[in-house]
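Asker: Provided below: data_29.tsv, containing TSV, C-alpha atoms.
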chain	number	residue	atom	x	y	z
G	7	MET	CA	32.86	-11.88	-41.89
G	8	THR	CA	35.06	-8.86	-41.50
G	9	THR	CA	33.20	-5.71	-40.77
G	10	HIS	CA	34.26	-2.25	-39.99
G	11	ALA	CA	34.19	-1.36	-36.36
G	12	THR	CA	31.45	1.07	-35.73
G	13	THR	CA	30.56	3.16	-32.72
G	14	ALA	CA	27.20	4.21	-34.02
G	15	PRO	CA	24.88	1.80	-32.16
G	16	SER	CA	26.10	2.71	-28.70
G	17	VAL	CA	25.81	6.39	-29.46
G	18	SER	CA	22.42	6.62	-31.08
G	19	HIS	CA	20.58	3.78	-29.38
G	20	VAL	CA	19.99	3.67	-25.65
G	21	HIS	CA	18.57	0.34	-24.58
G	22	ARG	CA	15.43	0.72	-22.53
G	23	ASP	CA	12.98	-1.87	-21.27
G	24	ASP	CA	10.16	-0.16	-19.42
G	25	VAL	CA	8.11	-3.34	-19.04
G	26	GLY	CA	11.15	-5.10	-17.57
G	27	SER	CA	11.74	-2.19	-15.20
G	28	ARG	CA	8.18	-2.28	-13.95
G	29	MET	CA	8.31	-6.06	-13.59
G	30	GLY	CA	11.46	-5.69	-11.48
G	31	MET	CA	9.60	-3.26	-9.26
G	32	TRP	CA	6.66	-5.66	-8.90
G	33	LEU	CA	9.05	-8.49	-7.93
G	34	PHE	CA	10.50	-6.23	-5.25
G	35	LEU	CA	6.99	-5.47	-4.02
G	36	PHE	CA	6.38	-9.21	-3.57
G	37	THR	CA	9.30	-9.34	-1.12
G	38	GLU	CA	7.59	-6.54	0.79
G	39	LEU	CA	4.39	-8.57	0.74
G	40	ILE	CA	6.22	-11.47	2.37
G	41	LEU	CA	7.81	-9.14	4.96
G	42	PHE	CA	4.42	-7.80	6.06
G	43	GLY	CA	2.74	-11.15	5.38
G	44	GLY	CA	4.89	-12.78	8.06
G	45	MET	CA	3.72	-10.21	10.58
G	46	PHE	CA	0.10	-10.65	9.49
G	47	ILE	CA	0.43	-14.38	10.17
G	48	VAL	CA	1.75	-13.72	13.69
G	49	TYR	CA	-1.14	-11.28	14.20
G	50	ALA	CA	-3.70	-13.84	12.97
G	51	VAL	CA	-2.45	-16.58	15.28
G	52	TYR	CA	-2.33	-14.39	18.42
G	53	ARG	CA	-5.70	-12.85	17.65
G	54	PHE	CA	-7.13	-16.35	17.28
G	55	ARG	CA	-5.68	-17.38	20.65
G	56	HIS	CA	-6.62	-14.19	22.54
G	57	PRO	CA	-9.83	-12.85	20.94
G	58	ALA	CA	-11.17	-11.16	24.09
G	59	GLU	CA	-7.91	-9.39	24.99
G	60	PHE	CA	-7.40	-8.20	21.40
G	61	HIS	CA	-10.94	-6.86	21.40
G	62	LEU	CA	-10.36	-5.01	24.68
G	63	ALA	CA	-6.95	-3.60	23.73
G	64	ALA	CA	-8.23	-2.37	20.35
G	65	GLY	CA	-10.75	-0.25	22.25
G	66	GLU	CA	-7.82	1.99	23.31
G	67	LEU	CA	-7.13	2.98	19.71
G	68	ASP	CA	-8.72	6.11	18.29
G	69	VAL	CA	-10.92	5.08	15.34
G	70	PHE	CA	-11.21	8.71	14.25
G	71	VAL	CA	-7.45	9.21	13.90
G	72	GLY	CA	-7.19	5.86	12.10
G	73	THR	CA	-9.95	6.84	9.67
G	74	VAL	CA	-8.37	10.23	8.99
G	75	ASN	CA	-5.03	8.55	8.26
G	76	THR	CA	-6.77	6.08	5.93
G	77	ILE	CA	-8.33	8.96	3.98
G	78	ILE	CA	-4.95	10.74	3.87
G	79	LEU	CA	-3.18	7.69	2.41
G	80	LEU	CA	-5.95	6.95	-0.11
G	81	THR	CA	-5.79	10.56	-1.27
G	82	SER	CA	-1.98	10.42	-1.55
G	83	SER	CA	-2.38	7.33	-3.74
G	84	LEU	CA	-4.77	9.32	-5.93
G	85	THR	CA	-2.35	12.24	-6.35
G	86	VAL	CA	0.64	10.04	-7.21
G	87	ALA	CA	-1.51	8.03	-9.68
G	88	MET	CA	-2.64	11.28	-11.32
G	89	SER	CA	0.99	12.41	-11.60
G	90	ILE	CA	1.53	9.59	-14.14
G	91	THR	CA	-1.27	10.94	-16.33
G	92	ALA	CA	0.22	14.43	-15.95
G	93	ILE	CA	3.72	13.36	-17.04
G	94	GLN	CA	2.26	11.36	-19.95
G	95	GLY	CA	0.65	14.59	-21.11
G	96	GLY	CA	3.95	16.42	-20.72
G	97	ARG	CA	2.58	18.70	-18.01
G	98	LYS	CA	5.73	19.09	-15.93
G	99	HIS	CA	4.45	21.62	-13.40
G	100	LEU	CA	1.26	19.69	-12.73
G	101	THR	CA	3.32	16.53	-12.25
G	102	LEU	CA	5.56	18.33	-9.76
G	103	ALA	CA	2.53	19.70	-7.92
G	104	LEU	CA	0.89	16.27	-7.68
G	105	VAL	CA	4.03	14.49	-6.44
G	106	GLY	CA	4.60	17.40	-4.04
G	107	MET	CA	1.04	16.99	-2.70
G	108	THR	CA	1.70	13.28	-2.20
G	109	ILE	CA	4.74	14.12	-0.05
G	110	MET	CA	2.72	16.67	1.96
G	111	LEU	CA	0.03	14.05	2.62
G	112	ALA	CA	2.73	11.61	3.74
G	113	VAL	CA	3.97	14.24	6.21
G	114	ALA	CA	0.40	14.71	7.49
G	115	PHE	CA	0.10	10.94	7.98
G	116	LEU	CA	3.30	10.81	10.02
G	117	VAL	CA	2.33	13.85	12.11
G	118	ASN	CA	-0.92	12.09	13.02
G	119	LYS	CA	1.02	8.93	13.84
G	120	TYR	CA	3.39	10.96	16.04
G	121	PHE	CA	0.56	12.39	18.12
G	122	GLU	CA	-1.19	9.03	18.24
G	123	TRP	CA	1.89	7.20	19.51
G	124	GLY	CA	2.72	10.17	21.78
G	125	HIS	CA	-0.66	9.87	23.45
G	126	LYS	CA	-0.16	6.11	23.96
G	127	PHE	CA	3.21	6.77	25.58
G	128	GLU	CA	1.64	9.42	27.83
G	129	ILE	CA	-0.89	6.97	29.24
G	130	GLY	CA	1.88	4.44	29.74
G	131	LEU	CA	1.09	2.09	26.86
G	132	TYR	CA	4.43	1.43	25.24
G	133	PRO	CA	6.51	-1.74	24.88
G	134	GLN	CA	7.84	-3.00	28.22
G	135	SER	CA	6.01	-0.28	30.19
G	136	PRO	CA	4.92	-1.28	33.74
G	137	GLU	CA	1.33	-0.30	32.87
G	138	LEU	CA	1.31	-2.61	29.86
G	139	LEU	CA	3.17	-5.50	31.51
G	140	ALA	CA	0.55	-5.56	34.28
G	141	ARG	CA	-2.07	-6.46	31.70
G	142	PRO	CA	-3.05	-9.91	30.39
G	143	ASN	CA	-0.77	-11.59	27.85
G	144	GLY	CA	-3.14	-11.01	24.92
G	145	GLU	CA	-3.12	-7.24	25.40
G	146	ILE	CA	0.68	-7.16	25.64
G	147	LEU	CA	0.84	-9.09	22.37
G	148	TYR	CA	-1.71	-6.79	20.74
G	149	PHE	CA	0.28	-3.66	21.56
G	150	GLY	CA	3.55	-5.34	20.63
G	151	LEU	CA	2.11	-6.12	17.20
G	152	TYR	CA	0.54	-2.69	16.95
G	153	TYR	CA	3.87	-0.92	17.50
G	154	MET	CA	5.81	-3.36	15.32
G	155	MET	CA	3.44	-3.37	12.34
G	156	THR	CA	2.45	0.30	12.29
G	157	GLY	CA	6.11	1.13	13.02
G	158	VAL	CA	7.46	-0.85	10.05
G	159	HIS	CA	4.68	0.67	7.96
G	160	ALA	CA	5.61	4.20	9.10
G	161	LEU	CA	9.22	3.42	8.16
G	162	HIS	CA	7.95	2.56	4.67
G	163	VAL	CA	6.07	5.88	4.54
G	164	LEU	CA	9.36	7.60	5.41
G	165	ILE	CA	11.27	5.69	2.70
G	166	GLY	CA	8.44	6.44	0.25
G	167	MET	CA	8.80	10.16	1.00
G	168	VAL	CA	12.53	10.01	0.19
G	169	VAL	CA	11.77	8.13	-3.06
G	170	LEU	CA	9.15	10.72	-4.03
G	171	ALA	CA	11.54	13.57	-3.16
G	172	VAL	CA	14.08	12.03	-5.57
G	173	MET	CA	11.28	11.98	-8.19
G	174	VAL	CA	10.65	15.71	-7.66
G	175	VAL	CA	14.35	16.41	-8.27
G	176	SER	CA	14.40	14.18	-11.38
G	177	ILE	CA	11.27	15.77	-12.83
G	178	SER	CA	12.56	19.30	-12.28
G	179	ARG	CA	15.91	18.37	-13.86
G	180	ASP	CA	14.09	16.75	-16.81
G	181	THR	CA	15.58	13.31	-16.24
G	182	ILE	CA	11.98	12.12	-15.89
G	183	THR	CA	10.06	13.36	-18.90
G	184	LYS	CA	7.01	12.74	-21.08
G	185	ASP	CA	9.03	10.18	-23.06
G	186	SER	CA	10.80	8.50	-20.17
G	187	TYR	CA	8.91	8.22	-16.92
G	188	VAL	CA	9.29	4.57	-15.86
G	189	ARG	CA	11.12	5.69	-12.70
G	190	LEU	CA	8.13	7.75	-11.64
G	191	GLU	CA	5.91	4.73	-12.34
G	192	SER	CA	8.09	2.55	-10.10
G	193	GLY	CA	8.13	5.17	-7.36
G	194	ALA	CA	4.34	5.37	-7.57
G	195	LEU	CA	4.05	1.57	-7.40
G	196	TYR	CA	6.02	1.60	-4.13
G	197	TRP	CA	3.75	4.29	-2.73
G	198	HIS	CA	0.61	2.34	-3.66
G	199	LEU	CA	1.99	-0.73	-1.87
G	200	VAL	CA	2.38	1.36	1.31
G	201	ASP	CA	-1.28	2.33	0.84
G	202	ILE	CA	-2.42	-1.29	0.39
G	203	ILE	CA	-0.60	-2.41	3.57
G	204	TRP	CA	-2.44	0.32	5.49
G	205	ILE	CA	-5.77	-0.74	3.93
G	206	PHE	CA	-5.31	-4.02	5.84
G	207	LEU	CA	-3.68	-2.62	9.01
G	208	PHE	CA	-6.52	-0.18	9.57
G	209	PRO	CA	-9.44	-2.63	10.06
G	210	LEU	CA	-7.25	-5.23	11.78
G	211	PHE	CA	-6.07	-2.85	14.52
G	212	TYR	CA	-8.67	-0.09	14.76
G	213	LEU	CA	-11.98	-1.75	13.87
G	214	LEU	CA	-12.08	-4.65	16.29
G	215	HIS	CA	-15.15	-3.71	18.25
Q	21	MET	CA	-11.29	-10.20	-23.21
Q	22	VAL	CA	-8.82	-7.49	-24.05
Q	23	GLY	CA	-11.34	-5.49	-26.03
Q	24	GLN	CA	-11.62	-2.84	-23.35
Q	25	HIS	CA	-7.97	-1.94	-23.69
Q	26	HIS	CA	-7.23	1.08	-25.80
Q	27	ASP	CA	-3.73	0.01	-26.66
Q	28	GLU	CA	-1.72	-3.15	-26.60
Q	29	PRO	CA	-1.21	-4.41	-23.08
Q	30	GLY	CA	2.31	-4.58	-21.82
Q	31	HIS	CA	3.72	-1.71	-23.82
Q	32	GLY	CA	3.08	0.78	-21.10
Q	33	GLY	CA	2.00	4.28	-21.86
Q	34	HIS	CA	-1.64	3.59	-21.14
Q	35	VAL	CA	-3.24	6.87	-20.16
Q	36	ILE	CA	-5.95	6.82	-17.49
Q	37	SER	CA	-8.02	10.00	-17.26
Q	38	TYR	CA	-8.01	12.13	-14.09
Q	39	GLY	CA	-11.77	11.63	-13.88
Q	40	ARG	CA	-11.43	7.87	-13.74
Q	41	TYR	CA	-8.84	8.09	-10.96
Q	42	ILE	CA	-11.10	10.42	-8.97
Q	43	LEU	CA	-14.04	8.02	-9.47
Q	44	ILE	CA	-11.95	5.15	-8.04
Q	45	TRP	CA	-10.89	7.42	-5.14
Q	46	PHE	CA	-14.57	8.11	-4.33
Q	47	GLY	CA	-15.16	4.36	-4.39
Q	48	LEU	CA	-12.27	3.80	-1.98
Q	49	LEU	CA	-13.59	6.48	0.39
Q	50	ALA	CA	-17.10	4.97	0.26
Q	51	LEU	CA	-15.69	1.53	1.11
Q	52	THR	CA	-13.71	3.06	4.01
Q	53	GLY	CA	-16.93	4.63	5.30
Q	54	THR	CA	-18.72	1.30	4.96
Q	55	THR	CA	-16.08	-0.63	6.89
Q	56	VAL	CA	-16.04	1.97	9.70
Q	57	ALA	CA	-19.84	1.98	9.90
Q	58	LEU	CA	-20.00	-1.83	9.96
Q	59	ALA	CA	-17.46	-1.91	12.82
Q	60	GLY	CA	-20.04	-0.12	14.99
Q	61	ILE	CA	-22.45	-3.04	14.57
Q	62	ASP	CA	-21.93	-6.26	16.46
Q	63	LEU	CA	-21.55	-8.79	13.68
Q	64	GLY	CA	-19.92	-11.46	15.81
Q	65	ARG	CA	-17.58	-13.65	13.85
Q	66	TRP	CA	-18.63	-12.00	10.58
Q	67	ILE	CA	-16.81	-8.82	11.55
Q	68	ILE	CA	-13.40	-10.15	10.46
Q	69	ILE	CA	-14.85	-11.58	7.24
Q	70	THR	CA	-16.60	-8.35	6.20
Q	71	ALA	CA	-13.54	-6.24	7.18
Q	72	LEU	CA	-11.16	-8.42	5.14
Q	73	THR	CA	-13.56	-8.61	2.18
Q	74	ILE	CA	-13.85	-4.82	2.02
Q	75	ALA	CA	-10.06	-4.43	2.42
Q	76	SER	CA	-9.56	-6.91	-0.45
Q	77	ILE	CA	-11.95	-5.02	-2.73
Q	78	LYS	CA	-10.12	-1.77	-1.92
Q	79	SER	CA	-6.77	-3.44	-2.69
Q	80	LEU	CA	-8.07	-4.74	-6.03
Q	81	LEU	CA	-9.15	-1.22	-7.01
Q	82	VAL	CA	-5.70	0.15	-6.10
Q	83	LEU	CA	-3.91	-2.73	-7.87
Q	84	ASN	CA	-5.99	-2.67	-11.06
Q	85	ILE	CA	-6.40	1.06	-11.62
Q	86	PHE	CA	-3.90	3.04	-9.54
Q	87	MET	CA	-1.12	0.50	-10.16
Q	88	HIS	CA	-2.20	-0.06	-13.80
Q	89	LEU	CA	-2.28	-3.84	-13.37
Q	90	GLN	CA	-5.37	-4.03	-15.60
Q	91	PHE	CA	-3.36	-2.56	-18.46
Q	92	GLU	CA	-0.17	-4.57	-18.01
Q	93	ALA	CA	0.73	-7.79	-19.82
Q	94	ARG	CA	-1.01	-10.91	-18.54
Q	95	VAL	CA	2.17	-12.16	-16.88
Q	96	PHE	CA	1.95	-9.31	-14.32
Q	97	ARG	CA	-1.48	-10.49	-13.20
Q	98	VAL	CA	-0.26	-14.09	-13.03
Q	99	PHE	CA	2.64	-12.97	-10.80
Q	100	VAL	CA	0.40	-11.02	-8.45
Q	101	THR	CA	-2.08	-13.90	-8.22
Q	102	VAL	CA	0.70	-16.37	-7.41
Q	103	ALA	CA	2.11	-14.03	-4.75
Q	104	ALA	CA	-1.30	-13.53	-3.14
Q	105	LEU	CA	-2.06	-17.27	-3.26
Q	106	THR	CA	1.32	-18.07	-1.67
Q	107	LEU	CA	0.56	-15.79	1.27
Q	108	THR	CA	-2.94	-17.28	1.57
Q	109	ILE	CA	-1.46	-20.80	1.66
Q	110	PHE	CA	0.98	-19.72	4.41
Q	111	ILE	CA	-1.88	-18.37	6.51
Q	112	VAL	CA	-4.19	-21.35	5.95
Q	113	LEU	CA	-1.43	-23.90	6.66
Q	114	THR	CA	-0.46	-22.02	9.82
Q	115	PHE	CA	-4.01	-22.34	11.09
Q	116	PHE	CA	-3.93	-26.11	10.65
Q	117	ASP	CA	-1.52	-25.96	13.60
Q	118	TYR	CA	-3.65	-23.70	15.77
Q	119	ALA	CA	-7.31	-24.07	14.92
Q	120	PHE	CA	-7.69	-27.83	15.25
Q	121	TYR	CA	-6.16	-28.92	18.50
Would you mind writing the file out in structure tokens?

Answerer:
Amino acid sequence: MTTHATTAPSVSHVHRDDVGSRMGMWLFLFTELILFGGMFIVYAVYRFRHPAEFHLAAGELDVFVGTVNTIILLTSSLTVAMSITAIQGGRKHLTLALVGMTIMLAVAFLVNKYFEWGHKFEIGLYPQSPELLARPNGEILYFGLYYMMTGVHALHVLIGMVVLAVMVVSISRDTITKDSYVRLESGALYWHLVDIIWIFLFPLFYLLH
Amino acid sequence: MVGQHHDEPGHGGHVISYGRYILIWFGLLALTGTTVALAGIDLGRWIIITALTIASIKSLLVLNIFMHLQFEARVFRVFVTVAALTLTIFIVLTFFDYAFY
């Protein structure tokens, strides 16, 4: 059973398990699902108990801004999905452009959110504000959930932007390439999850008429 | 059942054309338009059901095509189904406490 010690395997063979990497990412996404899922349950119960107040409070939200932000996020999902096809074809510059566009769309989403929240603050509708506390319980709960859920979502958009920025660096340094792009796939998966959460937040908060 | 796949599922590397992605994107935009338009109509209690149904269809499009779930190994789809069912059970069981008393 004596064999000569050899260093060859560790030099020439790098172990890679792309399917395992993607599965790890999916498992992480399930924890995100439970994080938001908990908040969706709280939303469902309070909406069930205060249907009229939720209906009234939702009228204060701007459907137009919400729709624009939905279109922005859906488009950003498209560009990051297309970046996978681009890297598979070895088109580095197109990949960079598509991931860059995704980041720009994320910025646009957050700018909209900033003005939207800013306007709410201006008219005195922010957590613990005298204007809000004077309202019925159901409306206070609605705005509490609105700030909490869209806030945690916006935080995810911010984290997603950082992840995508890291991807841009990796692609330009050729650490993500045509032959090894599982990191970009995982980054894209995270971004799509952020999109899916918004797909549910949008009708539940903006379209309650 | 796997006949539509161009390569073996689970090995990654499945290439989806730009055109197909754009087609799905148009579908997502159309569904967004539908859900906004329906919100203008008084559907009573159906409003939440139609809104959630449309949101679910949109999510399935994103999951299957954008997130490549359709081209992954079967175990990925089993995982996602179990995760979604778990959340559904949480919500349904919660309502046993609130809806019937």

Asker: With a cut-off of 6 Å, could you pull out the residues of chain Q touching chain G and give me the nearest pair of atoms for each, distance in Å to one decimal, using only C-alpha atoms, ordered by chain and ascending number, as a Markdown table?

Answerer:
| residue | atom | partner | partner_atom | distance |
| --- | --- | --- | --- | --- |
| Q:Val35 | CA | G:Thr91 | CA | 5.9 |
| Q:Ala59 | CA | G:Leu213 | CA | 5.6 |
| Q:Ala75 | CA | G:Ile205 | CA | 5.9 |
| Q:Ser79 | CA | G:Ile202 | CA | 5.7 |
| Q:Phe86 | CA | G:Ala87 | CA | 5.5 |
| Q:Met87 | CA | G:Leu195 | CA | 6.0 |
| Q:Ile111 | CA | G:Ile47 | CA | 5.9 |

Asker: Between CA of Thr52 (chain Q) and CA of Arg94 (chain Q), what is the distance in Å, rounded to a tenth?

Answerer: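 Separating CA of Thr52 (chain Q) from CA of Arg94 (chain Q) is a distance of 29.4 Å.
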
Asker: Counting all atoms listed in the file, select every polymer residue within 12 Å of (-8.0, -12.8, 23.1) as defined in the file's coordinates, and provide the selection as a ChimeraX atom specification.

Answerer: /G:49-64,142-148,214

Asker: Given the selection you just returned, output its residues as a file containing C-alpha atoms, formatted as a compact mmCIF listing (two decimals), keeping the file's coordinate frame.

Answerer:
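Dumped to again-v4.txt:
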# COMPACT_ATOMS: atom_id res chain seq x y z
CA TYR G 49 -1.14 -11.28 14.20
CA ALA G 50 -3.70 -13.84 12.97
CA VAL G 51 -2.45 -16.58 15.28
CA TYR G 52 -2.33 -14.39 18.42
CA ARG G 53 -5.70 -12.85 17.65
CA PHE G 54 -7.13 -16.35 17.28
CA ARG G 55 -5.68 -17.38 20.65
CA HIS G 56 -6.62 -14.19 22.54
CA PRO G 57 -9.83 -12.85 20.94
CA ALA G 58 -11.17 -11.16 24.09
CA GLU G 59 -7.91 -9.39 24.99
CA PHE G 60 -7.40 -8.20 21.40
CA HIS G 61 -10.94 -6.86 21.40
CA LEU G 62 -10.36 -5.01 24.68
CA ALA G 63 -6.95 -3.60 23.73
CA ALA G 64 -8.23 -2.37 20.35
CA PRO G 142 -3.05 -9.91 30.39
CA ASN G 143 -0.77 -11.59 27.85
CA GLY G 144 -3.14 -11.01 24.92
CA GLU G 145 -3.12 -7.24 25.40
CA ILE G 146 0.68 -7.16 25.64
CA LEU G 147 0.84 -9.09 22.37
CA TYR G 148 -1.71 -6.79 20.74
CA LEU G 214 -12.08 -4.65 16.29

Asker: One number please: CA of Thr55 (chain Q) to CA of Val74 (chain G), in Å, one decimal.

Answerer: 13.5 Å

Asker: Kindly give the distance, in Å, that separates CA of Val200 (chain G) and CA of Val163 (chain G), rounded to a single decimal.

Answerer: 6.7 Å

Asker: Identify which of the residues G:Leu79, G:Leu41, G:Leu164, G:Ala171 lies closest to Trp45 (chain Q), counting all atoms listed in the file when measuring atom-to-atom distances.

Answerer: G:Leu79

Asker: Env of Val172 (chain G): 12 Å cut, atoms = only C-alpha atoms, seq-sep filter 5 positions within chain, self excluded. Answer as an NGL selection string.

Answerer: :G and (102 or 105-106 or 109 or 165-167 or 177-179 or 181-182 or 189-190 or 193-194)

Asker: Mind giving me the axis-aligned box for region 181-199 of chain G with 3 Å on every side, centre plus edges in Å to one decimal, as lines of an AutoDock Vina configuration file?

Answerer:
center_x = 8.1
center_y = 6.3
center_z = -12.5
size_x = 21.0
size_y = 20.1
size_z = 27.2

Asker: Write out as a list in words each polymer residue whose atoms come within 9 Å of Tyr132 (chain G), counting all atoms listed in the file; drop sequence neighbours fewer than 3 positions from it.

Answerer: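 Selected residues are Trp123, Lys126, Phe127, Glu128, Ile129, Ser135, Pro136, Glu137, Leu138, Phe149, Gly150 and Tyr153 of chain G.
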
Asker: Pull the neighbourhood of (-9.9, 7.3, -11.0) for me: all residues within 10 Å in file coordinates, counting only C-alpha atoms, as a ChimeraX atom specification.

Answerer: /G:84,87-88 /Q:36-48,81-82,85-86
